[in-house]
Structures are given as structure tokens and as C-alpha cells.
file entry.cif (mmCIF, C-alpha atoms)
data_final
#
loop_
_atom_site.label_atom_id
_atom_site.label_comp_id
_atom_site.auth_asym_id
_atom_site.auth_seq_id
_atom_site.Cartn_x
_atom_site.Cartn_y
_atom_site.Cartn_z
CA MET A 1 -15.99 -17.66 -22.34
CA ASN A 2 -12.33 -18.62 -22.06
CA THR A 3 -11.72 -21.13 -19.30
CA ALA A 4 -9.32 -18.65 -17.71
CA ASP A 5 -12.02 -15.96 -17.61
CA ARG A 6 -13.91 -15.34 -14.40
CA VAL A 7 -16.93 -13.21 -13.67
CA VAL A 8 -16.18 -10.57 -11.06
CA GLN A 9 -18.98 -8.74 -9.26
CA LEU A 10 -18.29 -5.53 -7.38
CA THR A 11 -20.14 -2.55 -6.06
CA VAL A 12 -18.35 0.34 -7.73
CA ASN A 13 -19.20 3.90 -6.72
CA GLY A 14 -22.45 2.62 -5.24
CA GLU A 15 -23.53 0.68 -8.34
CA ARG A 16 -23.49 -3.09 -8.65
CA ARG A 17 -21.17 -3.98 -11.56
CA ARG A 18 -19.92 -7.19 -13.10
CA GLY A 19 -17.45 -8.08 -15.78
CA ARG A 20 -15.24 -10.82 -17.10
CA THR A 21 -11.56 -10.98 -16.43
CA ASP A 22 -8.71 -13.43 -16.31
CA ALA A 23 -6.90 -14.27 -13.11
CA ARG A 24 -3.94 -11.97 -13.92
CA THR A 25 -5.81 -8.72 -14.56
CA THR A 26 -5.19 -6.01 -11.99
CA LEU A 27 -8.07 -4.16 -10.42
CA ALA A 28 -6.79 -0.97 -12.08
CA ASP A 29 -6.95 -2.53 -15.53
CA PHE A 30 -10.35 -4.10 -14.80
CA LEU A 31 -11.77 -0.73 -13.73
CA ARG A 32 -10.34 1.05 -16.75
CA ASP A 33 -10.77 -1.55 -19.49
CA GLU A 34 -13.80 -3.59 -18.46
CA LEU A 35 -15.84 -0.98 -16.57
CA ALA A 36 -14.66 2.13 -18.51
CA LEU A 37 -13.76 4.02 -15.32
CA THR A 38 -10.66 5.76 -16.59
CA GLY A 39 -10.19 8.15 -13.68
CA THR A 40 -7.99 5.59 -11.97
CA HIS A 41 -4.57 6.15 -13.50
CA VAL A 42 -1.77 3.62 -13.83
CA GLY A 43 1.67 5.09 -13.37
CA CYS A 44 4.46 2.92 -12.05
CA GLU A 45 2.62 -0.44 -11.86
CA HIS A 46 4.63 -1.18 -8.71
CA GLY A 47 2.48 0.51 -6.05
CA VAL A 48 4.96 3.33 -5.52
CA CYS A 49 3.36 6.37 -7.18
CA GLY A 50 -0.19 6.14 -5.81
CA ALA A 51 -1.89 7.25 -9.06
CA CYS A 52 -4.01 4.08 -9.04
CA THR A 53 -5.34 4.48 -5.50
CA VAL A 54 -8.97 3.45 -4.94
CA LEU A 55 -10.98 2.69 -1.84
CA LEU A 56 -11.63 -0.99 -1.27
CA ASP A 57 -14.23 -1.49 1.45
CA GLY A 58 -13.26 1.98 2.69
CA ASP A 59 -9.49 1.46 2.78
CA ALA A 60 -7.10 3.18 0.36
CA VAL A 61 -5.34 0.54 -1.76
CA ARG A 62 -3.12 0.48 -4.82
CA SER A 63 -5.27 -1.03 -7.53
CA CYS A 64 -2.22 -1.87 -9.65
CA LEU A 65 -1.12 -4.36 -6.98
CA LEU A 66 -4.50 -5.99 -6.44
CA LEU A 67 -5.99 -8.51 -8.81
CA ALA A 68 -9.57 -7.93 -9.92
CA VAL A 69 -10.53 -11.42 -8.75
CA GLN A 70 -9.31 -10.53 -5.25
CA ALA A 71 -11.84 -7.69 -5.15
CA ASP A 72 -14.77 -9.90 -6.12
CA GLY A 73 -17.71 -9.02 -3.86
CA ALA A 74 -16.05 -5.89 -2.49
CA GLU A 75 -17.10 -2.26 -2.51
CA VAL A 76 -14.81 -0.07 -4.60
CA THR A 77 -14.80 3.71 -4.76
CA THR A 78 -12.85 5.37 -7.55
CA VAL A 79 -12.21 9.07 -8.06
CA GLU A 80 -15.42 9.16 -10.09
CA GLY A 81 -17.34 8.17 -6.96
CA VAL A 82 -15.98 10.55 -4.33
CA GLY A 83 -18.34 13.38 -5.25
CA PRO A 84 -21.84 13.64 -3.78
CA THR A 85 -23.46 12.98 -7.16
CA PRO A 86 -22.10 12.48 -10.67
CA GLY A 87 -20.86 15.78 -12.04
CA GLN A 88 -20.56 17.45 -8.62
CA LEU A 89 -17.28 17.97 -6.84
CA GLY A 90 -16.75 16.50 -3.41
CA PRO A 91 -15.01 18.56 -0.71
CA VAL A 92 -11.57 17.14 -1.49
CA GLN A 93 -11.96 17.78 -5.21
CA GLN A 94 -13.27 21.30 -4.50
CA ALA A 95 -10.29 22.01 -2.26
CA PHE A 96 -7.80 20.77 -4.88
CA MET A 97 -9.39 23.14 -7.38
CA GLU A 98 -9.48 26.13 -4.99
CA CYS A 99 -5.91 25.66 -3.75
CA HIS A 100 -4.29 24.78 -7.07
CA GLY A 101 -3.38 21.35 -5.78
CA LEU A 102 -2.80 19.98 -9.27
CA GLN A 103 -0.94 20.76 -12.43
CA CYS A 104 -0.91 18.12 -15.14
CA GLY A 105 -3.57 16.14 -13.25
CA PHE A 106 -2.12 12.66 -13.76
CA CYS A 107 -1.51 12.05 -10.06
CA THR A 108 -4.59 13.94 -8.91
CA PRO A 109 -7.08 11.03 -8.81
CA GLY A 110 -4.78 9.06 -6.52
CA PHE A 111 -4.25 12.06 -4.28
CA VAL A 112 -7.98 12.79 -4.10
CA VAL A 113 -8.84 9.22 -3.15
CA SER A 114 -5.96 8.95 -0.66
CA VAL A 115 -6.87 12.27 0.96
CA THR A 116 -10.53 11.23 1.14
CA ALA A 117 -9.55 8.12 3.12
CA PHE A 118 -7.06 10.06 5.26
CA LEU A 119 -9.54 12.77 6.26
CA ALA A 120 -12.16 10.13 7.13
CA GLU A 121 -9.71 8.83 9.74
CA GLN A 122 -8.07 12.13 10.70
CA PRO A 123 -10.54 15.00 10.16
CA ALA A 124 -8.36 17.75 11.66
CA PRO A 125 -4.76 16.88 10.77
CA THR A 126 -1.63 18.86 11.47
CA ASP A 127 0.68 19.82 8.61
CA ALA A 128 3.09 17.08 9.69
CA GLU A 129 0.28 14.51 9.56
CA ILE A 130 -0.78 15.79 6.14
CA ARG A 131 2.75 15.51 4.77
CA ASP A 132 3.07 12.01 6.20
CA ALA A 133 -0.25 10.96 4.65
CA LEU A 134 0.80 12.38 1.27
CA SER A 135 4.13 10.56 1.30
CA GLY A 136 2.61 7.56 -0.47
CA ASN A 137 1.68 9.57 -3.56
CA LEU A 138 4.12 11.08 -6.02
CA CYS A 139 3.68 14.25 -8.05
CA ARG A 140 6.32 15.28 -10.56
CA CYS A 141 4.87 18.71 -11.34
CA THR A 142 4.26 20.50 -8.03
CA GLY A 143 6.23 21.33 -4.93
CA TYR A 144 3.37 19.82 -2.88
CA GLN A 145 2.55 23.21 -1.31
CA GLY A 146 -0.78 23.46 -3.17
CA ILE A 147 -1.57 19.86 -2.33
CA VAL A 148 -0.91 20.41 1.40
CA ALA A 149 -3.05 23.56 1.27
CA ALA A 150 -5.79 21.58 -0.49
CA VAL A 151 -5.82 18.97 2.28
CA ARG A 152 -6.08 21.73 4.89
CA ARG A 153 -8.95 23.32 2.93
CA ALA A 154 -10.71 19.96 2.44
CA SER A 155 -10.51 19.41 6.20
CA GLU A 156 -12.19 22.81 6.73
CA LEU A 157 -14.90 22.06 4.15
CA LEU A 158 -15.65 18.68 5.70
CA GLN A 159 -15.81 20.16 9.21
CA GLU A 160 -18.16 22.93 7.99
CA ALA A 161 -20.41 20.31 6.40
CA THR A 162 -20.72 18.34 9.65
CA SER A 163 -21.35 21.32 11.94
#
call {"tool": "encode", "arguments": {"input": "entry.cif", "output": "C-alpha cells"}}
result
Amino acid sequence: MNTADRVVQLTVNGERRRGRTDARTTLADFLRDELALTGTHVGCEHGVCGACTVLLDGDAVRSCLLLAVQADGAEVTTVEGVGPTPGQLGPVQQAFMECHGLQCGFCTPGFVVSVTAFLAEQPAPTDAEIRDALSGNLCRCTGYQGIVAAVRRASELLQEATS
């Protein structure tokens, strides 16, 4: 082991994981390269686009701005972990599919994770609240109408599931 390498232990998508990394590796790169969780996309590498969004202890964060060593001991949820079980779509993913809230799909993982966190805090948002919540994620392909509709639909699906 290189003296600069550190062992990082995380709970990722409910599973205890560990890997080696150096002090400069971002959480996004650690997830993708060390843990083979490639659903987290890296776009701008400046925290602007939101494609790399993951949940860290329940909060939406930009994994391109966080070092893997900073997340040591934390609970991380990636887009691969937002569904009820592997291979099943969660309500937000289902809504994005139903409402055509994606085109090329590059930004979609970040939107899905961000929306998951948003709806956990605001289960019945207004359109203005939805647009404000989406403002931290960029999509170059859509006019955001399908994405806004998907958030509305996800809110409905989540409310149906709890009633």
C-alpha cells in the first residue's frame, strides 16, 4: 500500500463497503473507480451541473466536490440505491420514465437523487418549489417540462404509497 493510500469504509446503498484511495480522490471517482458504481456521473467537476449528486447521510451533496476520505464512515446512497430493491424502479425513477423526464440520460442520475432528497423534505411541492429545487441540476437536452412533470408524478406516487 502506498503511504498516501487510505482505507475508506462506507455504507453504500445499504451495504458496508471499503476501498483504498489517496487523499485527493473525490467521492465521485471513488464510487465509480473503486466501487464500480458508475451511475454517479461526473460532468463539470465544479459542483455546478449536479450530475454527480449522491445522498450523504441523507443530504444531497455534489460528490465531485467531496473527497472520499471525508465520507469515511458515512452512509452514501447513489442512484443505484434509490430503488426498493436492485433492478426495481423507485417512485422517482418510475415517474421520470412515465413523464419522459429524460433524454440522453447523462444528467438523470443527479436529478433522480436530488429529487429523492427534495421530496423527502417537501412531499407535496408547488411548481415554483419544484423549479427552485431543480435549479441546482443542469440538463442540456430538455426544456425541463418533463422533469417538472416527473417530480409532480413522483410526489403523487410517494403520497399513494404512504396512504
call {"tool": "closest_residue", "arguments": {"input": "entry.cif", "among": "A:Ile147, A:Val69, A:Ala36, A:Cys64", "to": "Gln103 of chain A", "atoms": "all atoms listed in the file"}}
result
A:Ile147
call {"tool": "resolve_selection", "arguments": {"input": "entry.cif", "expression": "the PyMOL selection byres ((chain A and resi 75) around 7)", "output": "JSON, numbers by chain"}}
result
{"A": [10, 11, 12, 56, 57, 73, 74, 76, 77]}
call {"tool": "residues_around", "arguments": {"input": "entry.cif", "residues": "segment 93-100 of chain A", "least_positions_apart": "5", "cutoff": "12 Å", "atoms": "only C-alpha atoms", "output": "VMD selection string"}}
result
chain A and resid 79 to 84 87 to 88 105 107 to 116 141 to 158
call {"tool": "atom_distance", "arguments": {"input": "entry.cif", "atom1": "atom CA of Gly39 of chain A", "atom2": "atom CA of Glu160 of chain A"}}
result
27.4 Å
call {"tool": "atom_distance", "arguments": {"input": "entry.cif", "atom1": "atom CA of Glu45 of chain A", "atom2": "atom CA of Gly58 of chain A"}}
result
21.7 Å
call {"tool": "residues_around", "arguments": {"input": "entry.cif", "residues": "Leu66 of chain A", "least_positions_apart": "4", "cutoff": "12 Å", "atoms": "all atoms listed in the file", "output": "PyMOL selection string"}}
result
chain A and resi 23-31+45-47+52-56+60-62+70-72
